[in-house]
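*Asks:* Here you go, this is data_38.pdb (PDB, C-alpha atoms, pLDDT in the B column).
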```
ATOM      1  CA  MET V   1     -10.611  -7.917  35.495  1.00 69.00           C
ATOM      2  CA  GLN V   2     -12.551  -4.774  34.889  1.00 83.00           C
ATOM      3  CA  ASP V   3     -15.938  -3.852  36.343  1.00 91.00           C
ATOM      4  CA  PHE V   4     -18.988  -3.230  34.169  1.00 95.00           C
ATOM      5  CA  LYS V   5     -18.543   0.553  34.358  1.00 95.00           C
ATOM      6  CA  ASP V   6     -14.958   0.320  33.087  1.00 94.00           C
ATOM      7  CA  ARG V   7     -15.811  -2.194  30.367  1.00 94.00           C
ATOM      8  CA  LEU V   8     -18.691  -0.057  29.131  1.00 96.00           C
ATOM      9  CA  LYS V   9     -16.516   3.027  28.852  1.00 95.00           C
ATOM     10  CA  MET V  10     -13.711   1.103  27.142  1.00 94.00           C
ATOM     11  CA  LEU V  11     -16.061  -0.528  24.625  1.00 94.00           C
ATOM     12  CA  ARG V  12     -17.824   2.772  23.914  1.00 94.00           C
ATOM     13  CA  LYS V  13     -14.518   4.492  23.212  1.00 94.00           C
ATOM     14  CA  GLU V  14     -13.300   1.594  21.056  1.00 90.00           C
ATOM     15  CA  LYS V  15     -16.369   2.066  18.853  1.00 90.00           C
ATOM     16  CA  LYS V  16     -15.845   5.833  18.945  1.00 92.00           C
ATOM     17  CA  LEU V  17     -19.318   6.406  20.371  1.00 94.00           C
ATOM     18  CA  THR V  18     -20.197   9.350  22.568  1.00 94.00           C
ATOM     19  CA  GLN V  19     -22.352   8.911  25.644  1.00 95.00           C
ATOM     20  CA  VAL V  20     -25.075  10.783  23.761  1.00 95.00           C
ATOM     21  CA  LYS V  21     -24.927   8.430  20.745  1.00 95.00           C
ATOM     22  CA  LEU V  22     -24.934   5.293  22.900  1.00 94.00           C
ATOM     23  CA  GLY V  23     -27.856   6.695  24.875  1.00 94.00           C
ATOM     24  CA  GLU V  24     -29.744   7.267  21.623  1.00 94.00           C
ATOM     25  CA  MET V  25     -29.037   3.694  20.537  1.00 93.00           C
ATOM     26  CA  LEU V  26     -30.557   2.485  23.818  1.00 93.00           C
ATOM     27  CA  ASN V  27     -33.440   4.990  23.682  1.00 93.00           C
ATOM     28  CA  TYR V  28     -32.445   7.073  26.670  1.00 90.00           C
ATOM     29  CA  GLY V  29     -30.358  10.119  27.525  1.00 86.00           C
ATOM     30  CA  TYR V  30     -26.615  10.399  27.867  1.00 85.00           C
ATOM     31  CA  THR V  31     -26.938  10.905  31.643  1.00 94.00           C
ATOM     32  CA  ALA V  32     -27.913   7.248  31.966  1.00 94.00           C
ATOM     33  CA  ILE V  33     -24.671   6.255  30.235  1.00 95.00           C
ATOM     34  CA  ALA V  34     -22.691   8.688  32.378  1.00 95.00           C
ATOM     35  CA  ASN V  35     -24.281   7.154  35.488  1.00 95.00           C
ATOM     36  CA  TYR V  36     -23.418   3.631  34.301  1.00 96.00           C
ATOM     37  CA  GLU V  37     -19.825   4.611  33.597  1.00 95.00           C
ATOM     38  CA  SER V  38     -19.437   6.277  36.985  1.00 95.00           C
ATOM     39  CA  GLY V  39     -20.963   3.288  38.778  1.00 94.00           C
ATOM     40  CA  ARG V  40     -23.903   5.284  40.192  1.00 96.00           C
ATOM     41  CA  ASN V  41     -26.510   3.142  38.394  1.00 95.00           C
ATOM     42  CA  GLN V  42     -26.725  -0.309  36.858  1.00 94.00           C
ATOM     43  CA  PRO V  43     -28.748  -1.167  33.747  1.00 94.00           C
ATOM     44  CA  ALA V  44     -31.657  -3.598  33.698  1.00 94.00           C
ATOM     45  CA  ILE V  45     -31.054  -7.056  32.229  1.00 95.00           C
ATOM     46  CA  ALA V  46     -32.850  -6.137  28.992  1.00 93.00           C
ATOM     47  CA  ASP V  47     -30.535  -3.131  28.590  1.00 94.00           C
ATOM     48  CA  LEU V  48     -27.466  -5.259  29.346  1.00 95.00           C
ATOM     49  CA  LYS V  49     -28.474  -7.555  26.488  1.00 94.00           C
ATOM     50  CA  LYS V  50     -28.815  -4.572  24.152  1.00 94.00           C
ATOM     51  CA  ILE V  51     -25.437  -3.183  25.226  1.00 95.00           C
ATOM     52  CA  ALA V  52     -23.739  -6.558  24.707  1.00 92.00           C
ATOM     53  CA  SER V  53     -25.352  -6.768  21.277  1.00 91.00           C
ATOM     54  CA  ILE V  54     -24.233  -3.257  20.297  1.00 92.00           C
ATOM     55  CA  PHE V  55     -20.632  -4.076  21.193  1.00 90.00           C
ATOM     56  CA  ASP V  56     -20.804  -7.690  19.994  1.00 86.00           C
ATOM     57  CA  VAL V  57     -19.520  -9.128  23.270  1.00 89.00           C
ATOM     58  CA  SER V  58     -20.814 -11.716  25.718  1.00 89.00           C
ATOM     59  CA  LEU V  59     -22.648 -10.655  28.865  1.00 93.00           C
ATOM     60  CA  ASP V  60     -19.922 -12.307  30.936  1.00 92.00           C
ATOM     61  CA  TYR V  61     -17.336 -10.094  29.280  1.00 90.00           C
ATOM     62  CA  LEU V  62     -19.480  -6.973  29.614  1.00 94.00           C
ATOM     63  CA  LEU V  63     -20.065  -7.630  33.323  1.00 93.00           C
ATOM     64  CA  GLY V  64     -16.407  -8.389  34.026  1.00 89.00           C
ATOM     65  CA  VAL V  65     -16.977 -12.059  34.866  1.00 90.00           C
ATOM     66  CA  ASN V  66     -14.207 -13.062  32.464  1.00 86.00           C
ATOM     67  CA  ASP V  67     -12.018 -11.619  29.736  1.00 84.00           C
ATOM     68  CA  LEU V  68     -13.440 -13.707  26.873  1.00 82.00           C
ATOM     69  CA  ARG V  69     -15.149 -11.322  24.485  1.00 81.00           C
ATOM     70  CA  TYR V  70     -16.344 -13.992  22.070  1.00 76.00           C
ATOM     71  CA  PRO V  71     -16.665 -17.297  23.959  1.00 74.00           C
ATOM     72  CA  TYR V  72     -19.109 -18.801  21.467  1.00 71.00           C
ATOM     73  CA  LEU V  73     -17.056 -18.579  18.301  1.00 68.00           C
ATOM     74  CA  THR V  74     -17.378 -21.920  16.568  1.00 66.00           C
ATOM     75  CA  THR V  75     -14.693 -21.548  13.946  1.00 69.00           C
ATOM     76  CA  VAL V  76     -11.335 -22.796  15.090  1.00 67.00           C
ATOM     77  CA  ASP V  77      -8.278 -21.246  13.545  1.00 70.00           C
ATOM     78  CA  ASP V  78      -5.403 -23.654  13.928  1.00 69.00           C
ATOM     79  CA  SER V  79      -3.238 -22.064  11.272  1.00 75.00           C
ATOM     80  CA  LEU V  80       0.442 -21.588  11.939  1.00 77.00           C
ATOM     81  CA  GLU V  81       0.042 -17.792  11.912  1.00 82.00           C
ATOM     82  CA  PHE V  82      -2.732 -17.808  14.509  1.00 79.00           C
ATOM     83  CA  ASN V  83      -0.864 -20.221  16.764  1.00 76.00           C
ATOM     84  CA  GLN V  84       2.196 -18.008  16.509  1.00 82.00           C
ATOM     85  CA  PHE V  85       0.043 -14.970  17.333  1.00 84.00           C
ATOM     86  CA  GLN V  86      -1.367 -16.726  20.416  1.00 81.00           C
ATOM     87  CA  HIS V  87       2.129 -17.696  21.530  1.00 81.00           C
ATOM     88  CA  TYR V  88       3.351 -14.094  21.355  1.00 87.00           C
ATOM     89  CA  TYR V  89       0.151 -12.681  22.815  1.00 87.00           C
ATOM     90  CA  LYS V  90       0.450 -14.829  25.946  1.00 85.00           C
ATOM     91  CA  GLN V  91       3.933 -13.431  26.564  1.00 90.00           C
ATOM     92  CA  LEU V  92       2.819  -9.787  26.537  1.00 90.00           C
ATOM     93  CA  SER V  93       2.105  -7.758  29.649  1.00 92.00           C
ATOM     94  CA  LYS V  94      -1.464  -6.629  30.283  1.00 89.00           C
ATOM     95  CA  SER V  95      -0.733  -3.088  29.090  1.00 92.00           C
ATOM     96  CA  SER V  96       0.962  -4.391  25.947  1.00 93.00           C
ATOM     97  CA  ARG V  97      -2.041  -6.611  25.225  1.00 91.00           C
ATOM     98  CA  GLU V  98      -4.363  -3.619  25.530  1.00 90.00           C
ATOM     99  CA  GLU V  99      -2.082  -1.632  23.231  1.00 93.00           C
ATOM    100  CA  LEU V 100      -2.058  -4.485  20.711  1.00 93.00           C
ATOM    101  CA  LEU V 101      -5.865  -4.640  20.717  1.00 90.00           C
ATOM    102  CA  MET V 102      -6.063  -0.902  20.087  1.00 90.00           C
ATOM    103  CA  TYR V 103      -3.562  -1.284  17.239  1.00 92.00           C
ATOM    104  CA  MET V 104      -5.592  -4.106  15.740  1.00 91.00           C
ATOM    105  CA  GLN V 105      -8.717  -1.936  15.892  1.00 90.00           C
ATOM    106  CA  TRP V 106      -6.784   0.861  14.196  1.00 91.00           C
ATOM    107  CA  LEU V 107      -5.754  -1.554  11.419  1.00 91.00           C
ATOM    108  CA  LEU V 108      -9.374  -2.617  10.918  1.00 90.00           C
ATOM    109  CA  ASP V 109     -10.488   1.023  10.759  1.00 89.00           C
ATOM    110  CA  ARG V 110      -7.712   1.790   8.269  1.00 90.00           C
ATOM    111  CA  ASP V 111      -8.672  -1.179   6.096  1.00 89.00           C
ATOM    112  CA  GLU V 112     -12.299  -0.052   6.135  1.00 86.00           C
ATOM    113  CA  LYS V 113     -11.298   3.466   5.073  1.00 85.00           C
ATOM    114  CA  ARG V 114      -9.197   2.039   2.265  1.00 86.00           C
ATOM    115  CA  LYS V 115     -12.096  -0.078   1.034  1.00 83.00           C
ATOM    116  CA  SER V 116     -14.432   2.901   0.986  1.00 79.00           C
ATOM    117  CA  SER V 117     -11.991   5.135  -0.897  1.00 75.00           C
ATOM    118  CA  VAL V 118     -10.593   2.606  -3.359  1.00 66.00           C
ATOM    119  CA  GLU V 119     -12.465   4.134  -6.314  1.00 56.00           C
ATOM    120  CA  SER V 120     -11.238   7.650  -5.616  1.00 57.00           C
ATOM    121  CA  SER V 121      -7.563   6.888  -4.978  1.00 56.00           C
ATOM    122  CA  PRO V 122      -4.858   6.187  -7.550  1.00 58.00           C
ATOM    123  CA  THR V 123      -3.828   2.582  -8.001  1.00 58.00           C
ATOM    124  CA  LEU V 124      -0.286   1.452  -7.244  1.00 54.00           C
ATOM    125  CA  ARG V 125       1.080  -0.306 -10.293  1.00 56.00           C
ATOM    126  CA  VAL V 126       3.161  -3.428  -9.789  1.00 58.00           C
ATOM    127  CA  ALA V 127       6.435  -1.958 -11.094  1.00 53.00           C
ATOM    128  CA  GLN V 128       5.898   1.344  -9.339  1.00 54.00           C
ATOM    129  CA  THR V 129       7.784   2.238  -6.159  1.00 62.00           C
ATOM    130  CA  SER V 130       5.999   3.848  -3.232  1.00 59.00           C
ATOM    131  CA  LYS V 131       7.892   7.109  -3.932  1.00 62.00           C
ATOM    132  CA  GLU V 132       6.671   7.141  -7.529  1.00 60.00           C
ATOM    133  CA  TYR V 133       3.147   6.338  -6.301  1.00 54.00           C
ATOM    134  CA  LYS V 134       3.117   9.343  -3.980  1.00 58.00           C
ATOM    135  CA  ASN V 135       4.152  11.622  -6.832  1.00 58.00           C
ATOM    136  CA  ASP V 136       1.275  10.525  -9.123  1.00 53.00           C
TER     137      ASP V 136
END
```
If you convert what's in this file into structure tokens, what do you get?

*Replies:*
Amino acid sequence: MQDFKDRLKMLRKEKKLTQVKLGEMLNYGYTAIANYESGRNQPAIADLKKIASIFDVSLDYLLGVNDLRYPYLTTVDDSLEFNQFQHYYKQLSKSSREELLMYMQWLLDRDEKRKSSVESSPTLRVAQTSKEYKND
């Protein structure tokens, strides 16, 4: 499991935040974030709560106590697809799991970009091939 300093850096990069931006969100300078990420300083409990809230993770996850980002989710997904996903996920190596999580974040970012540009982009018609769509 990762230490707080490593988790903080990883989460910050996942959200594409700079040390400066995260510092602004917490109402202090980027040097505080740099010191947290290097392990020179540790945040106060109130700041840990804010950091966990910004990244939408549990304090246990943020502090490296466990690897459960969202231990309090109440909705249970017992669909076939999710069970299949869990089955495959458990078989992956640690590095492959990290790569998969980055890919999933990329997919979410891509979907968000598509939603925001749906009015300005041409629409793919049902009978249209992707090659024809690109030539529109």

*Asks:* Which is closer to V:Met25 than all the others in V:Asn41, V:Ser53, V:Ser95, V:Gln2, using all atoms listed in the file?

*Replies:* V:Ser53

*Asks:* Given 8 Å on each side, where is the centre and what are the edge lengths in Å to one decimal of the axis-aligned box enclosing the listed atoms of stretch 55-63 of chain V, as AutoDock Vina command-line options?

*Replies:*
```
--center_x -20.0 --center_y -8.2 --center_z 26.7 --size_x 21.3 --size_y 24.2 --size_z 29.3
```

*Asks:* Considering all atoms listed in the file, state which residue in the set V:Ser117, V:Tyr72, V:Ala46, V:Tyr89 is at the smallest distance from V:Ser58.

*Replies:*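 Selected residue with least distance to V:Ser58: V:Tyr72.
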
*Asks:* Enter the distance from atom CA of V:Leu26 to atom CA of V:Ile51, in Å, rounded to one decimal.

*Replies:*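 Separating atom CA of V:Leu26 from atom CA of V:Ile51 is a distance of 7.8 Å.
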
*Asks:* Which of these, V:Asp3, V:Glu98, V:Asp60, V:Glu112, has the shortest distance to V:Gln42 once you count only C-alpha atoms?

*Replies:* V:Asp3

*Asks:* Can you work out the spacing between atom CA of V:Phe4 and atom CA of V:Ala32 in Å, to one decimal?

*Replies:* 13.9 Å

*Asks:* Take atom CA of V:Ser93 and atom CA of V:Leu68 and report the distance between them in Å, one decimal.

*Replies:*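 Value for the atom CA of V:Ser93-atom CA of V:Leu68 distance: 16.9 Å.
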
*Asks:* Please determine, counting only C-alpha atoms, which residue among V:Ile54, V:Val65, V:Leu59, V:Leu108 has the shortest atom-to-atom distance to V:Leu11.

*Replies:*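 Closest to V:Leu11, using only C-alpha atoms: V:Ile54.
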
*Asks:* Which residues, named as in the file, does the PyMOL selection byres ((chain V and resi 20-24) around 12) pick out? Answer as a PyMOL selection string.

*Replies:* chain V and resi 8-9+11-13+15-19+25-37+43+47+50-51+54-55
